[in-house]
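Peer 1: Next comes the structure file query_5.txt, holding compact mmCIF, C-alpha atoms and all ligand atoms.
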# COMPACT_ATOMS: atom_id res chain seq x y z
CA MET A 888 144.63 99.60 43.81
CA LYS A 889 146.87 99.49 46.88
CA ILE A 890 145.24 100.37 50.20
CA LEU A 891 147.06 101.25 53.41
CA VAL A 892 145.24 100.31 56.63
CA ILE A 893 146.21 102.13 59.82
CA ASN A 894 145.12 101.30 63.36
CA CYS A 895 146.37 103.93 65.83
CA GLY A 896 146.49 103.38 69.57
CA SER A 897 147.57 106.02 72.08
CA SER A 898 151.25 105.02 71.96
CA SER A 899 151.33 102.47 69.16
CA LEU A 900 150.15 101.94 65.62
CA LYS A 901 149.70 98.92 63.38
CA TYR A 902 149.60 99.05 59.59
CA GLN A 903 149.16 96.79 56.59
CA LEU A 904 149.44 97.53 52.90
CA PHE A 905 147.06 95.51 50.71
CA ASP A 906 147.14 94.94 46.99
CA MET A 907 143.40 94.82 46.33
CA LYS A 908 143.91 93.04 42.99
CA ASP A 909 144.03 89.81 44.99
CA GLU A 910 143.66 91.15 48.56
CA SER A 911 147.25 90.11 49.31
CA VAL A 912 149.21 91.74 52.14
CA LEU A 913 152.33 93.41 50.71
CA CYS A 914 153.75 94.31 54.11
CA LYS A 915 152.67 94.89 57.68
CA GLY A 916 154.18 96.52 60.70
CA LEU A 917 153.96 98.00 64.13
CA VAL A 918 155.25 101.17 65.77
CA GLU A 919 155.57 100.99 69.55
CA ARG A 920 156.28 103.58 72.20
CA ILE A 921 155.21 106.63 70.19
CA ALA A 922 155.90 109.78 72.21
CA ILE A 923 157.75 107.67 74.79
CA ASN A 924 161.53 107.14 74.90
CA GLY A 925 162.62 104.14 72.87
CA SER A 926 160.18 104.25 69.93
CA LYS A 927 160.51 101.28 67.60
CA LEU A 928 159.16 100.44 64.17
CA THR A 929 159.05 96.83 63.02
CA HIS A 930 158.26 96.43 59.33
CA LYS A 931 157.71 92.98 57.80
CA VAL A 932 157.72 91.99 54.15
CA GLY A 933 157.19 88.24 53.97
CA ASP A 934 160.01 86.78 56.09
CA LYS A 935 162.14 89.91 55.87
CA LYS A 936 162.15 92.40 58.71
CA LEU A 937 163.26 96.01 59.06
CA VAL A 938 163.59 97.44 62.56
CA VAL A 939 163.98 101.18 63.15
CA GLU A 940 164.78 102.33 66.68
CA GLU A 941 164.56 106.10 66.85
CA ASP A 942 162.49 108.36 69.11
CA MET A 943 159.23 109.40 67.45
CA LYS A 944 157.67 112.32 69.25
CA ASP A 945 154.14 111.96 67.87
CA HIS A 946 151.93 110.02 65.45
CA THR A 947 152.96 112.24 62.54
CA GLU A 948 156.60 111.22 63.02
CA ALA A 949 155.61 107.59 63.44
CA ILE A 950 153.62 107.62 60.18
CA LYS A 951 156.50 109.39 58.44
CA HIS A 952 158.67 106.41 59.43
CA VAL A 953 155.99 104.03 58.15
CA PHE A 954 156.05 105.81 54.76
CA ASN A 955 159.87 105.64 54.75
CA ALA A 956 159.67 101.90 55.38
CA LEU A 957 157.12 101.48 52.56
CA LEU A 958 159.56 103.31 50.24
CA ASP A 959 162.76 101.74 51.62
CA GLU A 960 165.22 100.61 48.94
CA LYS A 961 165.64 97.15 50.41
CA TYR A 962 162.45 96.52 52.40
CA GLY A 963 160.06 98.83 50.57
CA VAL A 964 157.03 97.67 48.59
CA VAL A 965 156.21 100.80 46.58
CA LYS A 966 158.32 103.15 44.45
CA SER A 967 156.16 106.18 45.23
CA LEU A 968 153.35 106.95 47.68
CA ASP A 969 151.22 107.75 44.60
CA GLU A 970 150.81 103.99 44.26
CA ILE A 971 148.69 104.01 47.42
CA GLY A 972 145.13 104.68 46.31
CA ALA A 973 143.66 105.50 49.72
CA ILE A 974 144.15 105.03 53.45
CA GLY A 975 141.68 103.21 55.73
CA HIS A 976 141.65 104.08 59.43
CA ARG A 977 140.20 102.02 62.21
CA VAL A 978 138.17 104.35 64.43
CA LEU A 979 136.79 103.12 67.71
CA HIS A 980 133.66 105.13 68.37
CA GLY A 981 131.32 106.50 65.75
CA GLY A 982 128.39 106.98 68.14
CA ASP A 983 124.98 106.70 66.54
CA THR A 984 125.64 109.24 63.80
CA LEU A 985 128.58 107.58 62.02
CA THR A 986 126.79 104.33 61.35
CA LYS A 987 128.86 103.05 58.44
CA SER A 988 132.31 103.40 56.94
CA THR A 989 132.78 106.81 55.40
CA ILE A 990 135.22 109.08 53.56
CA ILE A 991 136.74 111.45 56.11
CA ASP A 992 135.92 115.13 55.90
CA ASP A 993 135.65 117.93 58.47
CA HIS A 994 132.19 116.79 59.59
CA VAL A 995 133.42 113.22 60.22
CA LYS A 996 136.43 114.48 62.17
CA ALA A 997 134.20 116.72 64.28
CA LYS A 998 131.97 113.74 65.09
CA VAL A 999 134.95 111.51 65.96
CA GLU A 1000 136.09 114.33 68.24
CA GLU A 1001 132.63 114.58 69.81
CA PHE A 1002 132.69 110.87 70.63
CA ILE A 1003 135.98 111.17 72.52
CA LYS A 1004 133.64 111.42 75.52
CA PHE A 1005 132.79 107.71 75.03
CA GLY A 1006 136.15 106.56 73.62
CA PRO A 1007 138.66 108.66 75.56
CA LEU A 1008 141.57 106.29 75.01
CA HIS A 1009 141.11 105.46 71.34
CA ASN A 1010 139.30 108.25 69.49
CA PRO A 1011 142.04 110.86 70.15
CA ALA A 1012 144.70 108.46 68.83
CA ASN A 1013 142.54 107.59 65.80
CA LEU A 1014 142.19 111.32 65.06
CA MET A 1015 145.94 111.86 65.39
CA GLY A 1016 146.51 109.15 62.78
CA ILE A 1017 143.99 110.73 60.41
CA ARG A 1018 145.46 114.22 60.81
CA ALA A 1019 149.00 112.91 60.36
CA CYS A 1020 148.05 111.28 57.04
CA GLU A 1021 146.25 114.41 55.87
CA LYS A 1022 149.38 116.41 56.62
CA LEU A 1023 151.92 114.00 55.17
CA VAL A 1024 150.05 113.03 51.99
CA PRO A 1025 147.65 115.90 51.28
CA GLY A 1026 144.90 115.05 48.84
CA LYS A 1027 144.99 111.33 49.54
CA LYS A 1028 141.54 110.00 50.44
CA ASN A 1029 141.14 108.78 54.01
CA VAL A 1030 138.33 106.47 55.08
CA ALA A 1031 137.11 105.79 58.64
CA VAL A 1032 135.85 102.33 59.59
CA PHE A 1033 134.13 102.28 62.96
CA ASP A 1034 134.19 99.53 65.59
CA THR A 1035 130.66 100.51 66.56
CA ALA A 1036 129.07 100.59 63.08
CA PHE A 1037 128.09 96.93 62.61
CA HIS A 1038 126.09 97.02 65.84
CA GLN A 1039 123.88 99.89 64.71
CA THR A 1040 121.21 97.42 63.55
CA MET A 1041 120.44 96.53 67.18
CA PRO A 1042 116.86 97.31 68.14
CA ALA A 1043 116.17 99.72 71.01
CA LYS A 1044 115.06 96.85 73.24
CA THR A 1045 118.64 95.51 73.26
CA TYR A 1046 120.63 98.76 73.13
CA MET A 1047 118.79 100.85 75.72
CA TYR A 1048 119.84 100.96 79.36
CA ALA A 1049 117.08 100.95 81.96
CA ILE A 1050 117.92 104.37 83.40
CA PRO A 1051 115.89 107.59 83.05
CA TYR A 1052 115.18 108.08 79.34
CA GLU A 1053 116.43 111.67 79.39
CA TYR A 1054 120.04 110.44 79.74
CA TYR A 1055 119.65 108.74 76.39
CA GLU A 1056 118.07 111.86 74.90
CA ASP A 1057 120.55 114.30 76.41
CA TYR A 1058 123.80 112.33 76.24
CA ARG A 1059 123.19 109.36 73.95
CA ILE A 1060 123.90 106.96 76.81
CA ARG A 1061 123.14 103.51 75.36
CA LYS A 1062 124.85 100.31 74.32
CA PHE A 1063 126.98 100.79 71.18
CA GLY A 1064 129.07 97.63 71.08
CA PHE A 1065 132.64 97.24 69.78
CA HIS A 1066 134.80 94.82 67.74
CA GLY A 1067 132.13 95.47 65.09
CA THR A 1068 134.55 95.04 62.20
CA SER A 1069 135.53 91.63 63.55
CA HIS A 1070 131.93 90.53 64.17
CA ARG A 1071 131.06 91.72 60.65
CA TYR A 1072 133.97 89.81 59.09
CA VAL A 1073 133.08 86.63 61.01
CA THR A 1074 129.40 86.98 60.07
CA LEU A 1075 130.22 87.44 56.37
CA ARG A 1076 132.78 84.65 56.31
CA THR A 1077 130.51 82.23 58.19
CA GLY A 1078 127.78 82.99 55.65
CA GLN A 1079 130.20 82.39 52.75
CA LEU A 1080 131.41 79.10 54.22
CA LEU A 1081 127.87 77.82 54.71
CA GLY A 1082 126.47 79.36 51.53
CA ARG A 1083 123.84 81.57 53.18
CA ASN A 1084 123.63 85.20 54.26
CA ASP A 1085 120.52 84.96 56.44
CA LEU A 1086 121.98 82.85 59.25
CA ASN A 1087 121.39 83.29 62.95
CA ILE A 1088 124.90 83.26 64.38
CA ILE A 1089 126.51 83.77 67.74
CA THR A 1090 129.89 85.36 66.97
CA VAL A 1091 132.34 84.87 69.85
CA HIS A 1092 135.40 87.15 69.68
CA LEU A 1093 137.77 86.19 72.50
CA GLY A 1094 141.06 88.10 72.62
CA ASN A 1095 142.69 90.66 74.87
CA GLY A 1096 139.31 92.32 74.72
CA SER A 1097 136.39 89.93 74.33
CA SER A 1098 132.86 90.39 73.08
CA ILE A 1099 130.04 88.27 71.78
CA SER A 1100 127.22 89.13 69.40
CA ALA A 1101 123.82 87.71 68.55
CA ILE A 1102 123.37 87.93 64.76
CA LYS A 1103 119.83 87.60 63.43
CA GLU A 1104 119.59 86.86 59.70
CA GLY A 1105 123.04 88.34 59.13
CA LYS A 1106 122.48 91.53 61.18
CA CYS A 1107 123.52 92.39 64.70
CA PHE A 1108 120.66 91.99 67.17
CA ASP A 1109 122.60 92.21 70.44
CA THR A 1110 126.19 92.47 71.62
CA SER A 1111 127.95 92.23 74.96
CA MET A 1112 130.03 95.44 75.03
CA GLY A 1113 128.20 98.64 75.91
CA LEU A 1114 128.61 102.39 75.93
CA THR A 1115 132.31 101.58 76.18
CA PRO A 1116 134.19 98.27 75.79
CA LEU A 1117 133.98 97.64 79.56
CA GLU A 1118 130.63 95.83 79.60
CA GLY A 1119 130.01 92.14 79.02
CA LEU A 1120 132.50 89.30 79.18
CA LEU A 1121 135.43 89.12 81.57
CA MET A 1122 138.52 90.18 79.66
CA GLY A 1123 142.28 90.28 80.08
CA THR A 1124 142.11 93.35 82.31
CA ARG A 1125 138.43 94.47 82.15
CA SER A 1126 135.83 93.36 84.65
CA GLY A 1127 132.94 93.08 82.20
CA ASP A 1128 129.44 93.09 83.76
CA ILE A 1129 129.38 94.21 87.36
CA ASP A 1130 126.96 95.84 89.78
CA PRO A 1131 127.80 99.57 89.32
CA THR A 1132 127.43 100.05 93.06
CA VAL A 1133 130.83 98.37 93.48
CA MET A 1134 132.35 101.49 91.90
CA ASN A 1135 130.46 103.79 94.28
CA PHE A 1136 131.53 101.67 97.22
CA LEU A 1137 135.22 101.82 96.24
CA MET A 1138 135.00 105.56 95.60
CA SER A 1139 133.61 106.30 99.03
CA GLU A 1140 135.61 103.62 100.90
CA LYS A 1141 139.01 104.21 99.24
CA GLY A 1142 138.52 107.82 98.11
CA TYR A 1143 139.13 106.96 94.44
CA THR A 1144 138.27 109.52 91.78
CA PRO A 1145 136.03 108.53 88.82
CA GLU A 1146 139.20 108.26 86.67
CA GLU A 1147 140.84 105.96 89.20
CA VAL A 1148 137.93 103.51 89.38
CA ASN A 1149 137.74 103.63 85.61
CA GLN A 1150 141.40 102.61 85.45
CA ILE A 1151 140.86 99.82 87.98
CA PHE A 1152 137.90 98.32 86.10
CA ASN A 1153 139.54 98.67 82.68
CA LYS A 1154 143.20 97.96 83.38
CA LYS A 1155 143.52 96.00 86.61
CA SER A 1156 140.49 93.74 86.60
CA GLY A 1157 139.34 90.78 84.51
CA VAL A 1158 141.42 87.62 84.59
CA LEU A 1159 144.47 89.67 85.60
CA GLY A 1160 142.69 91.08 88.63
CA VAL A 1161 141.26 87.76 89.78
CA SER A 1162 144.40 85.68 89.18
CA GLY A 1163 146.86 88.36 90.31
CA LEU A 1164 149.12 86.75 87.73
CA SER A 1165 148.60 87.64 84.08
CA SER A 1166 146.12 88.80 81.48
CA ASP A 1167 147.50 86.31 78.97
CA PHE A 1168 145.46 83.13 78.72
CA ARG A 1169 148.50 81.02 77.85
CA ASP A 1170 150.08 81.93 81.21
CA LEU A 1171 146.79 81.28 83.02
CA GLU A 1172 146.21 77.88 81.41
CA GLU A 1173 149.74 76.83 82.30
CA ALA A 1174 149.47 78.10 85.90
CA ALA A 1175 146.05 76.47 86.38
CA ASP A 1176 147.43 73.16 85.08
CA ASN A 1177 150.20 73.48 87.69
CA GLY A 1178 147.69 73.92 90.50
CA ASN A 1179 147.39 77.71 90.77
CA GLU A 1180 143.88 78.08 92.18
CA ARG A 1181 143.35 81.73 91.40
CA ALA A 1182 144.40 81.19 87.78
CA ARG A 1183 141.86 78.33 87.66
CA LEU A 1184 139.19 80.54 89.23
CA ALA A 1185 139.84 83.33 86.72
CA LEU A 1186 139.54 80.89 83.80
CA ASP A 1187 136.39 79.31 85.27
CA MET A 1188 134.80 82.73 85.72
CA PHE A 1189 135.73 83.70 82.16
CA ILE A 1190 134.28 80.47 80.73
CA THR A 1191 131.11 80.69 82.82
CA ARG A 1192 130.44 84.23 81.65
CA VAL A 1193 130.83 83.25 77.98
CA ARG A 1194 128.43 80.32 78.53
CA LYS A 1195 125.92 82.60 80.19
CA TYR A 1196 125.93 84.93 77.19
CA ILE A 1197 125.65 82.06 74.73
CA GLY A 1198 122.63 80.76 76.64
CA GLY A 1199 121.11 84.24 76.75
CA TYR A 1200 121.65 84.81 73.03
CA MET A 1201 120.18 81.39 72.17
CA ALA A 1202 117.04 82.47 74.03
CA GLU A 1203 117.03 85.94 72.41
CA LEU A 1204 117.45 84.57 68.90
CA GLY A 1205 115.09 81.63 69.38
CA HIS A 1206 116.94 79.66 66.72
CA VAL A 1207 120.70 79.49 66.24
CA ASP A 1208 122.36 78.04 63.13
CA VAL A 1209 126.04 78.60 63.94
CA ILE A 1210 128.43 79.58 66.70
CA SER A 1211 131.71 81.04 65.31
CA PHE A 1212 134.86 81.59 67.36
CA ALA A 1213 137.45 84.29 66.57
CA GLY A 1214 140.16 86.35 68.31
CA GLY A 1215 143.49 85.28 69.81
CA ILE A 1216 141.86 82.93 72.33
CA GLY A 1217 138.92 81.87 70.16
CA GLU A 1218 141.23 80.94 67.29
CA ASN A 1219 144.02 79.33 69.29
CA SER A 1220 142.71 77.71 72.45
CA ALA A 1221 140.94 74.39 71.86
CA THR A 1222 140.69 74.01 75.66
CA ILE A 1223 138.72 77.21 76.13
CA ARG A 1224 136.45 76.49 73.14
CA LYS A 1225 135.69 73.06 74.51
CA ALA A 1226 135.02 74.36 78.03
CA VAL A 1227 132.73 77.07 76.65
CA LEU A 1228 130.55 74.57 74.80
CA GLU A 1229 130.77 71.31 76.75
CA ASN A 1230 127.63 69.69 78.18
CA MET A 1231 125.43 71.58 75.75
CA GLU A 1232 124.30 68.47 73.83
CA GLU A 1233 120.80 69.11 75.14
CA TYR A 1234 120.84 72.43 73.25
CA GLY A 1235 122.04 70.85 70.03
CA ILE A 1236 125.77 71.55 70.41
CA VAL A 1237 128.31 68.71 70.10
CA ILE A 1238 132.03 69.47 69.70
CA ASP A 1239 134.24 66.96 67.87
CA ASP A 1240 137.50 66.82 69.86
CA SER A 1241 139.74 65.95 66.96
CA ARG A 1242 138.20 68.66 64.73
CA ASN A 1243 138.53 71.10 67.64
CA ASP A 1244 142.30 70.51 67.68
CA THR A 1245 142.89 73.27 65.11
CA ARG A 1246 143.91 76.89 64.61
CA GLU A 1247 142.59 77.05 61.05
CA GLU A 1248 139.30 78.16 59.59
CA SER A 1249 137.17 75.02 59.98
CA VAL A 1250 134.07 73.31 61.35
CA ILE A 1251 134.72 71.89 64.83
CA SER A 1252 131.28 70.50 65.66
CA ALA A 1253 130.39 66.84 65.21
CA ASP A 1254 128.19 65.75 62.31
CA ASN A 1255 125.27 65.16 64.71
CA SER A 1256 125.51 68.71 66.16
CA ARG A 1257 122.33 70.60 65.25
CA ILE A 1258 124.15 73.92 65.69
CA LYS A 1259 127.35 74.10 63.64
CA VAL A 1260 130.43 75.39 65.44
CA LEU A 1261 133.21 77.08 63.44
CA VAL A 1262 136.61 78.62 63.97
CA VAL A 1263 136.82 81.71 61.74
CA PRO A 1264 140.14 83.59 62.12
CA THR A 1265 139.12 87.23 62.01
CA ASN A 1266 140.58 89.80 59.62
CA GLU A 1267 139.60 93.33 60.61
CA GLU A 1268 142.32 94.90 58.45
CA LEU A 1269 140.96 93.24 55.30
CA MET A 1270 137.46 94.51 56.11
CA ILE A 1271 138.87 98.04 56.49
CA ALA A 1272 140.76 97.70 53.19
CA ARG A 1273 137.63 96.46 51.39
CA ASP A 1274 135.48 99.32 52.70
CA THR A 1275 138.19 101.82 51.78
CA LEU A 1276 138.40 100.45 48.24
CA GLU A 1277 134.62 100.40 47.87
CA LEU A 1278 134.30 104.06 48.91
CA THR A 1279 137.21 105.43 46.93
CA LYS A 1280 137.60 103.40 43.73
P1 LIG B 1 143.62 91.81 70.64
O1 LIG B 1 142.32 91.78 71.34
O2 LIG B 1 144.63 92.74 71.26
O3 LIG B 1 143.52 91.90 69.13
P2 LIG B 1 144.16 89.04 70.22
O4 LIG B 1 142.84 88.79 69.60
O5 LIG B 1 145.38 88.85 69.39
O6 LIG B 1 144.25 90.41 70.95
O7 LIG B 1 144.27 88.07 71.49
C1 LIG B 1 145.41 88.08 72.31
C2 LIG B 1 145.21 87.07 73.40
O8 LIG B 1 145.02 85.77 72.83
C3 LIG B 1 146.44 86.94 74.27
O9 LIG B 1 146.36 87.79 75.37
C4 LIG B 1 146.37 85.51 74.73
O10 LIG B 1 145.74 85.50 75.99
C5 LIG B 1 145.45 84.81 73.77
N1 LIG B 1 146.10 83.68 73.09
C6 LIG B 1 146.89 83.68 72.01
N2 LIG B 1 147.30 82.42 71.72
C7 LIG B 1 146.74 81.60 72.65
C8 LIG B 1 146.76 80.20 72.90
N3 LIG B 1 147.47 79.38 72.14
N4 LIG B 1 146.08 79.73 73.94
C9 LIG B 1 145.36 80.57 74.74
N5 LIG B 1 145.29 81.89 74.55
C10 LIG B 1 145.95 82.41 73.53
Let's see the structure in the file written out as structure tokens.
Ligand code: ADP

Peer 2:
Amino acid sequence: MKILVINCGSSSLKYQLFDMKDESVLCKGLVERIAINGSKLTHKVGDKKLVVEEDMKDHTEAIKHVFNALLDEKYGVVKSLDEIGAIGHRVLHGGDTLTKSTIIDDHVKAKVEEFIKFGPLHNPANLMGIRACEKLVPGKKNVAVFDTAFHQTMPAKTYMYAIPYEYYEDYRIRKFGFHGTSHRYVTLRTGQLLGRNDLNIITVHLGNGSSISAIKEGKCFDTSMGLTPLEGLLMGTRSGDIDPTVMNFLMSEKGYTPEEVNQIFNKKSGVLGVSGLSSDFRDLEEAADNGNERARLALDMFITRVRKYIGGYMAELGHVDVISFAGGIGENSATIRKAVLENMEEYGIVIDDSRNDTREESVISADNSRIKVLVVPTNEELMIARDTLELTK
């Protein structure tokens, strides 16, 4: 069966078509600037590339262009859309009612809509993608795979916030966690590589957005992101953990509205805010090497925060078998990985520098490291395709 995976953002969408016979990727692509002048679709089949530059006024038009690309005479990969067995959608927030991947029906859509209150940027876009597919290929099964689902095994002692209990009862204010599909993939893959599915793992996803999870016997026990993706590690543009009073202070001192402070802490903070330079770690590493002190500070703060969480999760789990790195930074930056784990010999962690010089799936700890350290390139799209196949075959 062929499965199309769609990940809709507010003005962009990514897609991949899988042949589930061997889980190969038949094509992948990206649509940028949806509903903004200068929309662009880039469709890749192996080394071949089709680019379509034409204004697309909404997600329905964008997905129509995706289907045209899939059917294209020269760059297409299917003769008819009937060849696509089902469509898997990445959905950000499933709250605590949509706790696993599910076939989409009216009830699921209503719940995704309800959780717009916690995922105001992503859930509306995810819904637009779902509705567009329903309209363009009626009758085709659509499956939702939630970023929050994997974290639903957290116990109350790690997901509750220490605020009056009625806010949890009335509004469901609690930690949900995100990047769940990535943490799930890394957990499964780490288990496969080491031949066990009951491992205690710290999964470290470092990318544009970063999060870290404590996995107890293969299940999520704690994670760094919260009600929304803002909590936890420093990120490209998000502050991560902060005393909430800072927001109150800025609101009364500068007259910001709740939306404005939200924007500042989500879009203008993190390593971008501290360095004043970039949210991209390649730029920051280069600037820091050339003596830029604020770039160095931003990197040091980022690294220190990751170390603090690793230490905390080691204490929470009691015993850790593996630490696995994923995400654009976790997979590509040997420097950051080394800085995150250096001087931890006392805790049983020893990195082998030559093994660490890699971007491939591999073990990077030394043979005498009690805790194994792995690089596990994540594959959220494949997880979505597998769930979609499982639910619809
Ligand atoms: P997303 O969270 O959007 O999926 P990725 O996981 O692809 O993002 O991570 C993107 C980030 O990875 C970039 O912003 C960049 O900072 C970082 N990155 C990619 N390659 C490298 C590298 N070689 N060294 C350091 N950072 C890198």

Peer 1: Kindly provide the residues of chain A that approach ligand LIG 1 (chain B) to within 9 Å, each paired with its closest atom pair and their distance in Å to one decimal, based on all atoms listed in the file, listed by chain and increasing number, as JSON lines.

Peer 2:
{"residue": "A:His1066", "atom": "CA", "partner": "B:LIG1", "partner_atom": "O1", "distance": 8.9}
{"residue": "A:His1092", "atom": "CA", "partner": "B:LIG1", "partner_atom": "O4", "distance": 7.6}
{"residue": "A:Leu1093", "atom": "CA", "partner": "B:LIG1", "partner_atom": "O4", "distance": 6.4}
{"residue": "A:Gly1094", "atom": "CA", "partner": "B:LIG1", "partner_atom": "O7", "distance": 3.4}
{"residue": "A:Asn1095", "atom": "CA", "partner": "B:LIG1", "partner_atom": "O1", "distance": 3.7}
{"residue": "A:Gly1096", "atom": "CA", "partner": "B:LIG1", "partner_atom": "O1", "distance": 4.6}
{"residue": "A:Ser1097", "atom": "CA", "partner": "B:LIG1", "partner_atom": "O1", "distance": 6.9}
{"residue": "A:Gly1123", "atom": "CA", "partner": "B:LIG1", "partner_atom": "O9", "distance": 6.7}
{"residue": "A:Ser1165", "atom": "CA", "partner": "B:LIG1", "partner_atom": "O10", "distance": 8.8}
{"residue": "A:Ser1166", "atom": "CA", "partner": "B:LIG1", "partner_atom": "O9", "distance": 6.2}
{"residue": "A:Asp1167", "atom": "CA", "partner": "B:LIG1", "partner_atom": "O10", "distance": 3.6}
{"residue": "A:Phe1168", "atom": "CA", "partner": "B:LIG1", "partner_atom": "O10", "distance": 3.6}
{"residue": "A:Arg1169", "atom": "CA", "partner": "B:LIG1", "partner_atom": "C9", "distance": 4.4}
{"residue": "A:Asp1170", "atom": "CA", "partner": "B:LIG1", "partner_atom": "O10", "distance": 7.7}
{"residue": "A:Leu1171", "atom": "CA", "partner": "B:LIG1", "partner_atom": "O10", "distance": 8.3}
{"residue": "A:Glu1172", "atom": "CA", "partner": "B:LIG1", "partner_atom": "C9", "distance": 7.2}
{"residue": "A:Ala1213", "atom": "CA", "partner": "B:LIG1", "partner_atom": "O4", "distance": 7.6}
{"residue": "A:Gly1214", "atom": "CA", "partner": "B:LIG1", "partner_atom": "O4", "distance": 3.8}
{"residue": "A:Gly1215", "atom": "CA", "partner": "B:LIG1", "partner_atom": "O7", "distance": 3.3}
{"residue": "A:Ile1216", "atom": "CA", "partner": "B:LIG1", "partner_atom": "N5", "distance": 4.2}
{"residue": "A:Gly1217", "atom": "CA", "partner": "B:LIG1", "partner_atom": "O8", "distance": 7.7}
{"residue": "A:Glu1218", "atom": "CA", "partner": "B:LIG1", "partner_atom": "N2", "distance": 7.7}
{"residue": "A:Asn1219", "atom": "CA", "partner": "B:LIG1", "partner_atom": "N3", "distance": 4.5}
{"residue": "A:Ser1220", "atom": "CA", "partner": "B:LIG1", "partner_atom": "N4", "distance": 4.2}
{"residue": "A:Ala1221", "atom": "CA", "partner": "B:LIG1", "partner_atom": "N4", "distance": 7.7}
{"residue": "A:Thr1222", "atom": "CA", "partner": "B:LIG1", "partner_atom": "N4", "distance": 8.0}
{"residue": "A:Ile1223", "atom": "CA", "partner": "B:LIG1", "partner_atom": "C9", "distance": 7.6}
{"residue": "A:Arg1246", "atom": "CA", "partner": "B:LIG1", "partner_atom": "N3", "distance": 8.7}
{"residue": "A:Thr1265", "atom": "CA", "partner": "B:LIG1", "partner_atom": "O4", "distance": 8.6}

Peer 1: What separation in Å, quoted to one decimal, exists between atom CA of A:Ala1101 and atom CA of A:Met1201?

Peer 2: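 Between atom CA of A:Ala1101 and atom CA of A:Met1201 the gap is 8.1 Å.
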
Peer 1: What separation in Å, quoted to one decimal, exists between atom CA of A:Val1161 and atom CA of A:Ile1060?

Peer 2: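 Atom CA of A:Ile1060 lies 29.0 Å from atom CA of A:Val1161.
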
Peer 1: May I have the residues within 8 Å of stretch 1036-1042 of chain A as a ChimeraX atom specification, using only C-alpha atoms and disregarding those fewer than 2 positions away in the same chain?

Peer 2: /A:981,983,985-988,1032-1034,1044-1046,1063-1065,1067-1068,1070-1071,1106-1110

Peer 1: Tell me which of A:Gly972, A:Pro1025, A:Pro1131, A:Gly1105 sits closest to A:Ala1272, counting all atoms listed in the file.

Peer 2: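 Ranked by minimum distance to A:Ala1272, first place goes to A:Gly972.
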
Peer 1: Leaving out A:Met1188 and any residue of its chain fewer than 3 positions from it, which residues lie within 12 Å of it when counting only C-alpha atoms, given as number ranges by chain?

Peer 2: A: 1120-1122, 1126-1128, 1157-1162, 1181-1185, 1191-1195, 1223, 1226-1227

Peer 1: Using Å and a single decimal, report how far atom CA of A:Ser1069 sits from atom CA of A:Ile1238.

Peer 2: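 So the answer is 23.3 Å.
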